[in-house]
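Undergrad: Just input.cif, nothing more (mmCIF, C-alpha atoms and all ligand atoms):
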data_coords
loop_
_atom_site.group_PDB
_atom_site.id
_atom_site.type_symbol
_atom_site.label_atom_id
_atom_site.label_comp_id
_atom_site.auth_asym_id
_atom_site.auth_seq_id
_atom_site.Cartn_x
_atom_site.Cartn_y
_atom_site.Cartn_z
ATOM 1 C CA MET L 290 60.174 -1.464 -2.486
ATOM 2 C CA GLY L 291 57.368 -0.774 -4.925
ATOM 3 C CA ILE L 292 53.925 -0.097 -3.582
ATOM 4 C CA ILE L 293 51.845 -3.188 -4.081
ATOM 5 C CA SER L 294 48.490 -3.884 -2.503
ATOM 6 C CA ILE L 295 49.053 -7.343 -1.234
ATOM 7 C CA GLY L 296 46.280 -9.880 -0.860
ATOM 8 C CA LEU L 297 48.377 -12.344 1.103
ATOM 9 C CA SER L 298 50.304 -11.618 4.242
ATOM 10 C CA ILE L 299 54.071 -11.763 4.096
ATOM 11 C CA ARG L 300 55.849 -13.220 7.100
ATOM 12 C CA LYS L 301 58.794 -11.495 8.750
ATOM 13 C CA ASP L 302 61.231 -14.196 7.723
ATOM 14 C CA GLU L 303 60.489 -13.958 4.012
ATOM 15 C CA ILE L 304 63.012 -12.557 1.605
ATOM 16 C CA MET L 305 61.942 -10.574 -1.424
ATOM 17 C CA ILE L 306 62.861 -9.394 -4.835
ATOM 18 C CA ASP L 307 61.208 -6.504 -6.599
ATOM 19 C CA ILE L 308 61.206 -6.433 -10.385
ATOM 20 C CA ILE L 309 59.654 -4.163 -12.988
ATOM 21 C CA THR L 310 58.955 -5.599 -16.410
ATOM 22 C CA HIS L 311 58.273 -3.322 -19.353
ATOM 23 C CA SER L 312 56.684 -5.821 -21.729
ATOM 24 C CA SER L 313 55.061 -9.263 -21.821
ATOM 25 C CA LYS L 314 58.362 -10.530 -23.189
ATOM 26 C CA GLU L 315 60.219 -9.386 -20.070
ATOM 27 C CA THR L 316 57.617 -11.056 -17.858
ATOM 28 C CA GLN L 317 57.925 -14.201 -19.953
ATOM 29 C CA ASP L 318 61.721 -14.172 -19.608
ATOM 30 C CA LEU L 319 61.325 -13.962 -15.832
ATOM 31 C CA GLY L 320 58.774 -16.799 -15.839
ATOM 32 C CA TYR L 321 61.017 -18.959 -17.981
ATOM 33 C CA ARG L 322 63.980 -18.456 -15.643
ATOM 34 C CA LEU L 323 61.795 -19.288 -12.675
ATOM 35 C CA GLY L 324 60.502 -22.375 -14.474
ATOM 36 C CA THR L 325 64.027 -23.680 -14.982
ATOM 37 C CA LEU L 326 64.663 -23.329 -11.232
ATOM 38 C CA LEU L 327 61.545 -25.135 -10.011
ATOM 39 C CA LYS L 328 61.693 -28.586 -8.515
ATOM 40 C CA GLU L 329 59.173 -31.157 -7.409
ATOM 41 C CA GLY L 330 56.958 -30.044 -4.568
ATOM 42 C CA ASP L 331 57.407 -26.324 -5.240
ATOM 43 C CA ILE L 332 54.397 -24.073 -4.814
ATOM 44 C CA VAL L 333 54.065 -20.775 -6.645
ATOM 45 C CA CYS L 334 51.212 -18.455 -5.659
ATOM 46 C CA LEU L 335 50.175 -15.742 -8.092
ATOM 47 C CA VAL L 336 48.258 -12.720 -6.894
ATOM 48 C CA GLY L 337 47.097 -9.831 -9.066
ATOM 49 C CA ASP L 338 44.040 -8.393 -10.773
ATOM 50 C CA LEU L 339 42.516 -9.610 -13.999
ATOM 51 C CA GLY L 340 44.954 -8.836 -16.811
ATOM 52 C CA ALA L 341 47.916 -8.451 -14.456
ATOM 53 C CA GLY L 342 49.877 -11.204 -16.181
ATOM 54 C CA LYS L 343 49.356 -14.317 -14.035
ATOM 55 C CA THR L 344 48.560 -16.574 -16.986
ATOM 56 C CA THR L 345 51.354 -15.017 -19.067
ATOM 57 C CA LEU L 346 53.764 -15.817 -16.255
ATOM 58 C CA THR L 347 52.366 -19.340 -15.821
ATOM 59 C CA GLN L 348 52.785 -20.085 -19.536
ATOM 60 C CA SER L 349 56.435 -19.125 -19.417
ATOM 61 C CA ILE L 350 57.042 -20.965 -16.137
ATOM 62 C CA ALA L 351 55.638 -24.019 -17.952
ATOM 63 C CA LYS L 352 58.106 -23.533 -20.806
ATOM 64 C CA GLY L 353 60.963 -23.311 -18.313
ATOM 65 C CA LEU L 354 59.680 -26.530 -16.780
ATOM 66 C CA GLY L 355 59.877 -28.211 -20.172
ATOM 67 C CA VAL L 356 56.117 -28.411 -20.757
ATOM 68 C CA GLU L 357 55.495 -28.615 -24.488
ATOM 69 C CA ASP L 358 51.717 -28.292 -24.447
ATOM 70 C CA TYR L 359 50.205 -24.844 -24.692
ATOM 71 C CA VAL L 360 49.060 -23.759 -21.260
ATOM 72 C CA THR L 361 45.679 -22.042 -21.066
ATOM 73 C CA SER L 362 43.711 -21.067 -18.018
ATOM 74 C CA PRO L 363 41.424 -23.856 -16.921
ATOM 75 C CA THR L 364 37.918 -22.831 -18.010
ATOM 76 C CA PHE L 365 35.636 -25.553 -16.749
ATOM 77 C CA THR L 366 37.963 -27.066 -14.213
ATOM 78 C CA LEU L 367 39.995 -25.431 -11.513
ATOM 79 C CA ILE L 368 43.145 -27.382 -12.201
ATOM 80 C CA ASN L 369 44.932 -28.346 -15.416
ATOM 81 C CA GLU L 370 47.764 -30.864 -15.452
ATOM 82 C CA TYR L 371 50.762 -30.817 -17.782
ATOM 83 C CA SER L 372 53.813 -32.984 -17.940
ATOM 84 C CA GLY L 373 57.273 -31.505 -18.227
ATOM 85 C CA ARG L 374 60.489 -32.059 -16.296
ATOM 86 C CA HIS L 375 58.034 -32.326 -13.410
ATOM 87 C CA MET L 376 54.258 -32.423 -13.485
ATOM 88 C CA LEU L 377 52.763 -28.948 -13.543
ATOM 89 C CA TYR L 378 49.459 -28.400 -11.774
ATOM 90 C CA HIS L 379 48.020 -25.100 -12.895
ATOM 91 C CA PHE L 380 45.256 -23.838 -10.634
ATOM 92 C CA ASP L 381 43.032 -20.940 -11.604
ATOM 93 C CA LEU L 382 40.754 -20.163 -8.691
ATOM 94 C CA TYR L 383 38.994 -17.204 -10.294
ATOM 95 C CA ARG L 384 35.765 -19.129 -10.598
ATOM 96 C CA LEU L 385 35.993 -20.793 -7.240
ATOM 97 C CA ASN L 386 32.639 -20.406 -5.539
ATOM 98 C CA SER L 387 33.713 -21.505 -2.113
ATOM 99 C CA VAL L 388 36.776 -22.918 -0.438
ATOM 100 C CA ASP L 389 34.771 -26.144 0.014
ATOM 101 C CA GLU L 390 34.916 -26.652 -3.721
ATOM 102 C CA ILE L 391 38.678 -26.870 -3.645
ATOM 103 C CA TYR L 392 38.518 -29.242 -0.683
ATOM 104 C CA ASP L 393 36.383 -31.490 -2.851
ATOM 105 C CA LEU L 394 39.170 -31.534 -5.437
ATOM 106 C CA GLY L 395 41.607 -32.768 -2.823
ATOM 107 C CA TYR L 396 43.901 -29.816 -3.434
ATOM 108 C CA GLU L 397 46.197 -30.735 -0.571
ATOM 109 C CA GLU L 398 47.219 -33.841 -2.434
ATOM 110 C CA TYR L 399 48.491 -31.609 -5.219
ATOM 111 C CA PHE L 400 50.400 -29.432 -2.753
ATOM 112 C CA PHE L 401 52.178 -32.427 -1.295
ATOM 113 C CA SER L 402 52.707 -34.188 -4.607
ATOM 114 C CA GLN L 403 55.840 -34.629 -6.690
ATOM 115 C CA GLY L 404 54.664 -31.937 -9.086
ATOM 116 C CA VAL L 405 54.949 -28.163 -9.193
ATOM 117 C CA CYS L 406 51.815 -26.158 -8.330
ATOM 118 C CA VAL L 407 51.194 -22.737 -9.846
ATOM 119 C CA ILE L 408 48.100 -21.101 -8.404
ATOM 120 C CA GLU L 409 46.394 -18.088 -9.973
ATOM 121 C CA TRP L 410 44.267 -16.102 -7.489
ATOM 122 C CA ALA L 411 46.040 -17.876 -4.625
ATOM 123 C CA ASP L 412 44.894 -15.156 -2.213
ATOM 124 C CA ILE L 413 41.461 -16.815 -2.248
ATOM 125 C CA LEU L 414 42.961 -19.725 -0.305
ATOM 126 C CA GLN L 415 44.699 -17.586 2.327
ATOM 127 C CA GLU L 416 45.488 -19.703 5.401
ATOM 128 C CA ASN L 417 44.763 -22.879 3.453
ATOM 129 C CA LEU L 418 48.043 -22.347 1.601
ATOM 130 C CA PRO L 419 51.216 -23.987 2.864
ATOM 131 C CA LEU L 420 53.326 -21.555 4.910
ATOM 132 C CA GLU L 421 56.351 -22.230 2.769
ATOM 133 C CA ARG L 422 55.656 -21.122 -0.768
ATOM 134 C CA LEU L 423 56.745 -18.606 -3.364
ATOM 135 C CA ASN L 424 54.425 -15.592 -3.522
ATOM 136 C CA ILE L 425 54.327 -13.517 -6.672
ATOM 137 C CA PHE L 426 52.377 -10.260 -6.586
ATOM 138 C CA ILE L 427 51.836 -8.585 -9.928
ATOM 139 C CA GLU L 428 50.571 -5.073 -10.286
ATOM 140 C CA ARG L 429 49.696 -3.324 -13.501
ATOM 141 C CA ASP L 430 51.017 0.176 -13.928
ATOM 142 C CA LYS L 431 49.012 2.995 -15.461
ATOM 143 C CA GLU L 432 51.134 2.468 -18.558
ATOM 144 C CA ASP L 433 49.759 -0.861 -19.686
ATOM 145 C CA HIS L 434 53.131 -2.382 -20.495
ATOM 146 C CA ASP L 435 54.764 -2.074 -17.110
ATOM 147 C CA ARG L 436 54.267 -4.559 -14.317
ATOM 148 C CA LYS L 437 55.575 -4.378 -10.767
ATOM 149 C CA ILE L 438 56.383 -7.884 -9.697
ATOM 150 C CA LEU L 439 57.198 -8.660 -6.087
ATOM 151 C CA ILE L 440 58.414 -12.141 -5.313
ATOM 152 C CA SER L 441 58.690 -13.298 -1.725
ATOM 153 C CA GLY L 442 59.251 -16.564 0.022
ATOM 154 C CA ALA L 443 60.096 -18.170 3.313
ATOM 155 C CA GLY L 444 61.970 -21.349 4.001
ATOM 156 C CA ASN L 445 65.319 -22.486 2.595
ATOM 157 C CA ARG L 446 63.919 -23.770 -0.646
ATOM 158 C CA TYR L 447 62.212 -20.510 -1.612
ATOM 159 C CA ARG L 448 65.081 -18.370 -0.372
ATOM 160 C CA GLU L 449 67.313 -20.361 -2.674
ATOM 161 C CA ILE L 450 65.047 -19.604 -5.650
ATOM 162 C CA ILE L 451 64.913 -15.890 -4.822
ATOM 163 C CA GLU L 452 68.690 -15.711 -4.377
ATOM 164 C CA GLU L 453 69.046 -17.337 -7.772
ATOM 165 C CA LEU L 454 66.607 -14.879 -9.380
ATOM 166 C CA LYS L 455 68.638 -12.001 -7.947
ATOM 167 C CA LYS L 456 71.720 -13.043 -9.913
HETATM 168 N N1 LIG Z 1 54.819 -6.367 -18.675
HETATM 169 C C1 LIG Z 1 53.829 -7.225 -18.929
HETATM 170 N N2 LIG Z 1 53.794 -8.421 -18.273
HETATM 171 C C2 LIG Z 1 52.784 -9.294 -18.481
HETATM 172 N N3 LIG Z 1 51.768 -9.099 -19.326
HETATM 173 C C3 LIG Z 1 51.747 -7.932 -20.007
HETATM 174 C C4 LIG Z 1 52.760 -6.956 -19.838
HETATM 175 N N4 LIG Z 1 52.469 -5.908 -20.648
HETATM 176 C C5 LIG Z 1 51.324 -6.220 -21.276
HETATM 177 N N5 LIG Z 1 50.878 -7.439 -20.909
HETATM 178 C C6 LIG Z 1 49.639 -8.065 -21.404
HETATM 179 O O1 LIG Z 1 48.718 -8.152 -20.328
HETATM 180 C C7 LIG Z 1 47.898 -9.305 -20.471
HETATM 181 C C8 LIG Z 1 47.981 -10.163 -19.219
HETATM 182 O O2 LIG Z 1 46.979 -11.149 -19.308
HETATM 183 P P1 LIG Z 1 46.986 -12.468 -18.462
HETATM 184 O O3 LIG Z 1 48.363 -13.037 -18.381
HETATM 185 O O4 LIG Z 1 45.920 -13.344 -19.012
HETATM 186 O O5 LIG Z 1 46.570 -11.895 -17.026
HETATM 187 P P2 LIG Z 1 45.881 -12.632 -15.784
HETATM 188 O O6 LIG Z 1 46.076 -14.109 -15.924
HETATM 189 O O7 LIG Z 1 46.593 -12.046 -14.595
HETATM 190 O O8 LIG Z 1 44.432 -12.237 -15.812
HETATM 191 C C9 LIG Z 1 48.392 -10.049 -21.692
HETATM 192 O O9 LIG Z 1 47.591 -9.713 -22.793
HETATM 193 C C10 LIG Z 1 49.810 -9.511 -21.865
HETATM 194 O O10 LIG Z 1 50.258 -9.565 -23.197
HETATM 195 MG MG MG Z 2 44.703 -15.745 -15.762
#
Could you write out this structure as structure tokens?

TA:
Amino acid sequence: MGIISIGLSIRKDEIMIDIITHSSKETQDLGYRLGTLLKEGDIVCLVGDLGAGKTTLTQSIAKGLGVEDYVTSPTFTLINEYSGRHMLYHFDLYRLNSVDEIYDLGYEEYFFSQGVCVIEWADILQENLPLERLNIFIERDKEDHDRKILISGAGNRYREIIEELKK
């Protein structure tokens, strides 16, 4: 297992996959594959520093979900919505001032909606996140092109996705 400083706790019953990508293209290929596997109600939490590749991954997840619009990080809002095979709710919590702000947005309604939620800086929400979710930790290597990507999840649904990604 690669050494990743994790901002979210991983439960004992989670299964994991550890991947190293050597270019943005490889990260995009992973995101696209993941996007094709996602179904309504899925929650994907992205954790990693600025420039780690969270938005890059989200853009390719969106493509895999059949979103045709270009996905950019929400600048003035915390959540952008896109339609694809399922709705995609892209959260970027970088500018979140307090957890109250996200309560005001009614974020739980998004989590329990028919859409797919992808959340950049998900570690800010900590225990406010659903227990069953896909966690993706991205760490930049000293060589700027390599990324260590650890994907973990609990619950049948997320195990199924991870098993599929292992193939
Ligand atoms: N292996 C890689 N995976 C993802 N991005 C990479 C990789 N190598 C270089 N990059 C570059 O790193 C940057 C990641 O930026 P971005 O996705 O906006 O990060 P974040 O949203 O985590 O702040 C992009 O410019 C991307 O092209
Ligand atoms: Mg980003």

Undergrad: Residues at most 12 Å from ligand MG 2 (chain Z), using only C-alpha atoms and all ligand atoms? Could they come as a ChimeraX atom specification?

TA: /L:335-348,360-364,367,379-384,407-411,427

Undergrad: Step by step, work through what the PyMOL selection byres (((chain L and resi 444) around 10) and not hetatm) selects in the shown file, and finish by giving those residues as a PyMOL selection string.

TA: chain L and resi 302-304+420-423+442-443+445-449

Undergrad: Write out as an MDAnalysis selection string each polymer residue whose atoms come within 9 Å of L:Val388, counting only C-alpha atoms; drop sequence neighbours fewer than 3 positions from it.

TA: chainID L and resid 385 391:393 413:414 417

Undergrad: Can you tell me how far atom C4 of ligand LIG 1 (chain Z) sits from atom CA of L:Phe426, in Å to one decimal?

TA: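 Rounded to one decimal, the two atoms are 13.7 Å apart.
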
Undergrad: What is the distance between atom C3 of ligand LIG 1 (chain Z) and atom CA of L:Arg374, in Å to one decimal?

TA: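 Spanning atom C3 of ligand LIG 1 (chain Z) to atom CA of L:Arg374 is a straight-line distance of 25.9 Å.
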
Undergrad: Could you tell me which of L:Gly296, L:Gly320, L:Gly330, L:Gly353 comes closest to ligand LIG 1 (chain Z) if we count all atoms listed in the file?

TA: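 Smallest distance to ligand LIG 1 (chain Z) is found for L:Gly320.
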
Undergrad: Just want the 12 Å neighbourhood of L:Tyr399, counted on all atoms listed in the file, with same-chain residues fewer than 4 positions away dropped. Output as an MDAnalysis selection string.

TA: chainID L and resid 329:332 368:370 376:380 391:392 394:395 403:408 418:419

Undergrad: With distances taken over only C-alpha atoms and all ligand atoms, which of L:Asp318, L:Asp307, L:Glu390, L:Glu398 is nearest to ligand LIG 1 (chain Z)?

TA: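 Using only C-alpha atoms and all ligand atoms, ligand LIG 1 (chain Z) sits closest to L:Asp318.
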
Undergrad: Listed atoms of stretch 306-318 of chain L, axis-aligned box, 8 Å per side: centre and edge lengths to one decimal in Å, as JSON?

TA:
{"center_x": 59.0, "center_y": -8.8, "center_z": -14.0, "size_x": 23.8, "size_y": 26.9, "size_z": 34.4}

Undergrad: Evaluating the PyMOL selection byres (((chain L and resi 433) around 10) and not hetatm) on the displayed file yields which residues, as a list in words?

TA: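 Applying the PyMOL selection byres (((chain L and resi 433) around 10) and not hetatm) to the structure shown produces His311, Ser312, Gly340, Ala341, Arg429, Asp430, Lys431, Glu432, His434, Asp435 and Arg436 of chain L.
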